[in-house]
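As stored in entry-v9.cif (mmCIF, C-alpha atoms):
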data_run
loop_
_atom_site.label_atom_id
_atom_site.label_comp_id
_atom_site.auth_asym_id
_atom_site.auth_seq_id
_atom_site.Cartn_x
_atom_site.Cartn_y
_atom_site.Cartn_z
CA MET A 1 0.00 0.00 0.00
CA GLN A 2 1.13 3.48 -0.79
CA ASN A 3 1.70 5.71 2.22
CA THR A 4 0.96 9.35 1.38
CA ARG A 5 1.96 11.85 4.06
CA LYS A 6 1.49 15.06 2.12
CA HIS A 7 -1.93 16.63 1.78
CA SER A 8 -3.32 19.79 0.29
CA GLY A 9 -4.77 22.67 2.24
CA GLY A 10 -2.03 23.01 4.84
CA SER A 11 -4.30 23.30 7.87
CA ARG A 12 -5.12 20.44 10.19
CA SER A 13 -8.87 21.03 9.74
CA ASN A 14 -8.64 20.18 6.02
CA ARG A 15 -6.83 16.89 6.47
CA GLY A 16 -8.23 14.13 4.33
CA LYS A 17 -11.17 16.08 2.92
CA PRO A 18 -11.76 15.58 -0.82
CA GLN A 19 -10.84 18.76 -2.66
CA ARG A 20 -13.52 18.41 -5.35
CA THR A 21 -17.15 19.23 -4.67
CA ASP A 22 -18.33 16.59 -7.15
CA ARG A 23 -16.98 13.74 -5.03
CA GLU A 24 -18.14 12.09 -1.82
CA CYS A 25 -16.85 9.60 0.70
CA LEU A 26 -18.10 6.08 1.24
CA TYR A 27 -17.01 4.12 4.29
CA GLY A 28 -17.18 0.68 5.84
CA ARG A 29 -15.72 -2.62 4.70
CA GLN A 30 -18.85 -4.21 3.21
CA PRO A 31 -20.01 -1.09 1.31
CA ILE A 32 -16.53 -0.54 -0.14
CA ARG A 33 -16.22 -4.21 -1.02
CA GLU A 34 -19.47 -4.00 -3.00
CA LEU A 35 -18.40 -0.67 -4.50
CA LEU A 36 -15.29 -2.35 -5.91
CA LYS A 37 -17.13 -5.49 -7.02
CA ALA A 38 -19.81 -3.49 -8.84
CA GLY A 39 -17.24 -1.33 -10.61
CA ARG A 40 -19.86 1.17 -11.73
CA ARG A 41 -18.39 4.44 -10.50
CA ARG A 42 -14.97 6.01 -10.48
CA ILE A 43 -12.90 5.84 -7.33
CA ALA A 44 -10.32 8.57 -6.81
CA ASN A 45 -8.61 7.03 -3.78
CA LEU A 46 -9.04 4.36 -1.15
CA TYR A 47 -7.88 5.35 2.33
CA VAL A 48 -6.92 2.61 4.78
CA LEU A 49 -6.32 3.10 8.49
CA SER A 50 -2.60 2.71 9.05
CA SER A 51 -3.12 0.64 12.21
CA ILE A 52 -5.83 -1.63 10.76
CA ARG A 53 -5.56 -5.32 11.54
CA PRO A 54 -5.52 -7.74 8.58
CA THR A 55 -8.68 -9.80 8.03
CA PRO A 56 -9.87 -11.95 5.10
CA GLU A 57 -12.46 -9.26 4.28
CA LEU A 58 -9.80 -6.53 4.24
CA ASP A 59 -7.52 -8.70 2.12
CA GLU A 60 -10.33 -9.10 -0.41
CA VAL A 61 -10.92 -5.34 -0.53
CA LEU A 62 -7.25 -4.61 -1.08
CA ALA A 63 -6.98 -7.33 -3.73
CA LEU A 64 -9.94 -5.85 -5.60
CA ALA A 65 -8.39 -2.37 -5.36
CA GLU A 66 -5.11 -3.66 -6.74
CA GLU A 67 -6.89 -5.51 -9.55
CA LYS A 68 -8.74 -2.34 -10.54
CA LYS A 69 -5.63 -0.19 -10.12
CA ILE A 70 -7.17 1.98 -7.42
CA GLN A 71 -4.74 4.16 -5.49
CA VAL A 72 -4.52 3.04 -1.86
CA THR A 73 -3.31 5.48 0.80
CA LYS A 74 -2.57 4.80 4.45
CA ALA A 75 -4.07 7.33 6.85
CA ASP A 76 -4.40 7.82 10.58
CA GLY A 77 -7.73 7.85 12.41
CA LEU A 78 -7.87 11.63 12.61
CA ARG A 79 -7.63 11.96 8.87
CA LEU A 80 -10.38 9.42 8.26
CA GLU A 81 -12.61 11.11 10.81
CA GLY A 82 -12.00 14.41 9.06
CA MET A 83 -13.34 12.85 5.88
CA VAL A 84 -16.48 11.14 7.15
CA GLY A 85 -17.09 12.45 10.67
CA ASP A 86 -17.71 10.44 13.81
CA VAL A 87 -18.99 7.23 12.21
CA ASN A 88 -17.91 3.61 12.30
CA HIS A 89 -15.79 3.65 9.14
CA GLN A 90 -14.09 0.34 10.06
CA GLY A 91 -10.76 1.69 8.86
CA LEU A 92 -11.78 2.16 5.21
CA VAL A 93 -12.87 5.30 3.39
CA ALA A 94 -13.25 5.66 -0.38
CA ASP A 95 -13.13 9.03 -2.14
CA VAL A 96 -15.56 8.45 -5.02
CA TYR A 97 -17.47 10.21 -7.75
CA PRO A 98 -21.26 10.40 -7.32
CA PHE A 99 -23.58 7.44 -7.83
CA ARG A 100 -24.48 6.88 -11.46
CA TYR A 101 -28.22 7.06 -12.00
CA VAL A 102 -29.51 5.57 -15.23
CA SER A 103 -31.86 7.11 -17.77
CA TYR A 104 -35.51 6.24 -17.33
CA LYS A 105 -35.43 5.09 -20.96
CA LYS A 106 -33.51 2.03 -19.78
CA MET A 107 -36.37 1.17 -17.42
CA LEU A 108 -38.79 1.40 -20.33
CA SER A 109 -36.53 -0.80 -22.45
CA ASP A 110 -36.21 -3.39 -19.68
CA ALA A 111 -39.99 -3.44 -19.22
CA GLY A 112 -40.46 -4.28 -22.88
CA GLN A 113 -37.94 -7.10 -22.84
CA ASP A 114 -38.74 -8.85 -19.54
CA LYS A 115 -42.13 -10.49 -19.04
CA ASN A 116 -41.38 -10.72 -15.32
CA ALA A 117 -39.98 -7.21 -14.89
CA LEU A 118 -40.27 -5.97 -11.31
CA PHE A 119 -39.85 -2.29 -10.47
CA LEU A 120 -39.72 -0.53 -7.11
CA PHE A 121 -41.04 3.04 -6.94
CA LEU A 122 -40.19 5.03 -3.81
CA ASP A 123 -42.54 7.96 -3.34
CA GLY A 124 -40.72 10.58 -1.28
CA LEU A 125 -38.85 8.48 1.27
CA GLU A 126 -36.48 10.62 3.32
CA ASP A 127 -34.93 8.16 5.79
CA PRO A 128 -31.59 6.79 4.49
CA GLN A 129 -32.02 3.69 6.64
CA ASN A 130 -35.33 2.82 5.00
CA VAL A 131 -34.07 3.52 1.48
CA GLY A 132 -30.88 1.55 2.08
CA SER A 133 -32.84 -1.36 3.50
CA LEU A 134 -35.20 -1.34 0.52
CA LEU A 135 -32.32 -1.29 -1.96
CA ARG A 136 -30.69 -4.25 -0.23
CA SER A 137 -33.95 -6.20 -0.38
CA ALA A 138 -34.50 -5.12 -3.98
CA GLU A 139 -31.07 -6.38 -4.99
CA ALA A 140 -31.68 -9.71 -3.24
CA ALA A 141 -35.10 -10.02 -4.89
CA GLY A 142 -33.71 -9.35 -8.36
CA VAL A 143 -35.65 -6.13 -8.89
CA THR A 144 -35.27 -4.81 -12.43
CA GLY A 145 -34.94 -1.17 -11.41
CA VAL A 146 -35.73 1.39 -8.74
CA VAL A 147 -37.29 4.79 -9.41
CA ILE A 148 -37.08 7.75 -7.02
CA PRO A 149 -38.23 11.37 -7.38
CA GLU A 150 -35.73 14.18 -7.87
CA HIS A 151 -37.21 16.36 -5.15
CA ARG A 152 -38.28 15.90 -1.52
CA ALA A 153 -36.68 12.47 -1.29
CA VAL A 154 -33.31 11.07 -0.33
CA GLY A 155 -31.04 10.03 -3.19
CA ILE A 156 -28.30 7.40 -3.22
CA THR A 157 -26.10 9.08 -0.61
CA PRO A 158 -23.18 7.55 1.31
CA ALA A 159 -25.58 6.97 4.24
CA VAL A 160 -27.95 5.07 1.94
CA VAL A 161 -25.11 2.98 0.52
CA ARG A 162 -23.97 2.21 4.06
CA ALA A 163 -27.50 1.23 5.14
CA SER A 164 -27.76 -1.07 2.12
CA ALA A 165 -24.44 -2.72 3.06
CA GLY A 166 -23.24 -1.76 -0.41
CA ALA A 167 -26.12 -3.41 -2.30
CA ALA A 168 -27.08 -0.01 -3.73
CA GLU A 169 -23.93 -0.10 -5.86
CA HIS A 170 -25.37 -3.02 -7.85
CA MET A 171 -28.83 -1.52 -8.42
CA ILE A 172 -30.20 0.25 -11.46
CA VAL A 173 -31.72 3.44 -10.06
CA SER A 174 -33.40 6.23 -11.98
CA LYS A 175 -34.11 9.67 -10.52
CA VAL A 176 -37.04 11.36 -12.25
CA PRO A 177 -38.89 14.71 -12.01
CA ASN A 178 -42.37 13.20 -12.21
CA LEU A 179 -43.13 9.81 -10.69
CA VAL A 180 -46.70 9.65 -12.05
CA ARG A 181 -45.60 10.29 -15.64
CA CYS A 182 -43.08 7.48 -15.36
CA MET A 183 -45.74 5.14 -14.02
CA LYS A 184 -47.95 5.95 -17.01
CA LEU A 185 -45.14 5.28 -19.49
CA LEU A 186 -44.52 1.89 -17.92
CA LYS A 187 -48.25 1.15 -17.91
CA ASP A 188 -48.21 1.70 -21.68
CA ARG A 189 -45.71 -1.15 -21.82
CA GLY A 190 -47.88 -3.56 -19.87
CA VAL A 191 -46.64 -2.91 -16.32
CA TRP A 192 -49.25 -2.95 -13.53
CA PHE A 193 -48.78 -1.05 -10.31
CA ALA A 194 -49.49 -2.18 -6.76
CA GLY A 195 -49.42 0.53 -4.12
CA LEU A 196 -48.43 -0.71 -0.68
CA GLU A 197 -50.72 1.06 1.76
CA ALA A 198 -53.11 -0.13 4.47
CA VAL A 199 -56.10 2.04 3.57
CA GLU A 200 -59.78 1.31 3.13
CA GLY A 201 -60.30 -0.75 0.01
CA ALA A 202 -56.80 -2.26 -0.01
CA THR A 203 -56.65 -6.03 -0.47
CA LEU A 204 -54.36 -8.46 1.28
CA ILE A 205 -51.18 -8.76 -0.73
CA SER A 206 -51.40 -12.56 -0.64
CA ASP A 207 -54.87 -12.36 -2.27
CA THR A 208 -53.65 -10.14 -5.12
CA ASP A 209 -52.24 -11.44 -8.40
CA LEU A 210 -48.68 -10.10 -8.55
CA THR A 211 -47.50 -12.13 -11.53
CA GLY A 212 -46.54 -10.47 -14.79
CA PRO A 213 -44.73 -7.13 -15.20
CA LEU A 214 -45.22 -5.21 -11.98
CA GLY A 215 -44.26 -2.07 -10.13
CA ILE A 216 -44.47 -1.90 -6.34
CA VAL A 217 -44.96 1.57 -4.92
CA VAL A 218 -43.84 2.37 -1.36
CA GLY A 219 -44.92 5.67 0.15
CA SER A 220 -43.01 8.00 2.41
CA GLU A 221 -42.61 7.55 6.14
CA GLY A 222 -45.69 8.77 7.95
CA LYS A 223 -47.56 10.27 4.97
CA GLY A 224 -47.62 7.32 2.63
CA MET A 225 -48.14 7.81 -1.08
CA ARG A 226 -49.12 11.16 -2.53
CA ARG A 227 -52.68 11.36 -3.86
CA LEU A 228 -51.84 11.32 -7.59
CA VAL A 229 -49.39 8.46 -7.14
CA ARG A 230 -52.02 6.49 -5.20
CA GLU A 231 -54.68 7.18 -7.84
CA ASN A 232 -52.40 5.86 -10.58
CA CYS A 233 -51.88 2.53 -8.88
CA ASP A 234 -53.94 -0.26 -10.42
CA TYR A 235 -54.63 -1.66 -6.97
CA LEU A 236 -53.72 -1.06 -3.37
CA VAL A 237 -52.37 -3.87 -1.22
CA LYS A 238 -51.77 -4.32 2.48
CA LEU A 239 -49.91 -6.77 4.67
CA PRO A 240 -51.70 -9.05 7.14
CA MET A 241 -51.28 -7.67 10.67
CA PHE A 242 -52.17 -9.70 13.76
CA GLY A 243 -50.31 -7.92 16.56
CA ASN A 244 -50.92 -4.71 18.46
CA VAL A 245 -48.97 -2.48 16.06
CA SER A 246 -50.86 -1.20 13.04
CA SER A 247 -48.00 -0.88 10.57
CA LEU A 248 -44.38 -1.70 9.74
CA ASN A 249 -41.70 0.72 8.61
CA ALA A 250 -41.26 1.24 4.88
CA GLY A 251 -38.09 -0.84 4.66
CA VAL A 252 -39.66 -3.94 6.23
CA ALA A 253 -43.03 -3.62 4.50
CA GLY A 254 -41.43 -3.13 1.09
CA ALA A 255 -39.18 -6.16 1.57
CA ILE A 256 -42.15 -8.37 2.45
CA ALA A 257 -44.00 -7.15 -0.64
CA MET A 258 -41.08 -7.85 -2.98
CA PHE A 259 -40.64 -11.37 -1.70
CA GLU A 260 -44.39 -12.03 -1.90
CA VAL A 261 -44.02 -11.27 -5.61
CA LEU A 262 -41.25 -13.86 -5.86
CA ARG A 263 -43.35 -16.39 -3.92
CA GLN A 264 -46.25 -15.99 -6.32
CA ARG A 265 -43.91 -16.34 -9.26
CA GLY A 266 -42.50 -19.58 -7.93
CA GLY A 267 -39.15 -18.01 -7.10
CA ALA A 268 -38.62 -16.57 -10.59
CA LYS A 269 -38.08 -12.86 -11.07
#
Could you quickly redo this structure as structure tokens?
Amino acid sequence: MQNTRKHSGGSRSNRGKPQRTDRECLYGRQPIRELLKAGRRRIANLYVLSSIRPTPELDEVLALAEEKKIQVTKADGLRLEGMVGDVNHQGLVADVYPFRYVSYKKMLSDAGQDKNALFLFLDGLEDPQNVGSLLRSAEAAGVTGVVIPEHRAVGITPAVVRASAGAAEHMIVSKVPNLVRCMKLLKDRGVWFAGLEAVEGATLISDTDLTGPLGIVVGSEGKGMRRLVRENCDYLVKLPMFGNVSSLNAGVAGAIAMFEVLRQRGGAK
């Protein structure tokens, strides 16, 4: 590993901070491992805690970095903390370019080619933990693509990547200005939409036919889906609830819905 002692800026307060505003820092061994495996975005530098203890997981990360010719720099704890703040970075920080969203046209193309296409629409979720959890479940469930709005919603931030344990790096995600318009374009290509919301008139998800091209819509924390988004769903579905609580958080509810789709499809995407 290369040990770089010099840094720009001169002052102690600037140590380790990326000097370009179009870059961000990812941290944690599993997220960075998946970042390297996915190979979908540029990595300017990988910083490794100088006192880190070798582990098989760390060895794999460093081997992937070497294979991809990523610059590796040793750094002390203060420098890493200056880059990402007081978080559990596990001795690894990657200085990366922003997440690469894909054009919505790719979603439309995928819908036309896959008779079992499965999309996840997130309507205004703002909690990185929920979004990260949903992306991890979506990746495990083989979701074709995820669609999020440009405004009043969290994007694929370092916190989201961390919450997804790096699974976000493998997902096709599109950020769009108008969620309803995108739903309508997919409907024109034979995709049906199931809105996940426990409201009057919603049917049990297990009693709803979820085979064929489908989009699952998950509403925001607390408010649920916006009115126009709800009205453009072909049907509303709810989860069976037998305990004292009336609902689950968006991350858990969305995961259950995605795997109910797989169950109905006999395990096929």
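Proximity to Glu67 of chain A was assessed for A:Gly39, A:Gly266, A:Gly243, A:Gly91 counting only C-alpha atoms; the smallest distance is recorded for A:Gly39.
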Residues in the PyMOL selection byres ((chain A and resi 169) around 8), expressed as a count of residues only: 11
Counting only C-alpha atoms, the residue of A:Arg189, A:Arg53, A:Arg29, A:Lys175 that sits nearest Phe121 of chain A: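 Of A:Arg189, A:Arg53, A:Arg29, A:Lys175, the one nearest Phe121 of chain A is A:Lys175, counting only C-alpha atoms.
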The PyMOL selection byres ((chain A and resi 219-221) around 7) applied to the shown file, residues as a PyMOL selection string: chain A and resi 122-125+217-218+222-225+250
Nearest to Leu118 of chain A by atom-to-atom distance, counting only C-alpha atoms, from A:Thr144, A:Thr211, A:Gln30, A:Thr55: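 Of all the options, A:Thr144 lies closest to Leu118 of chain A.
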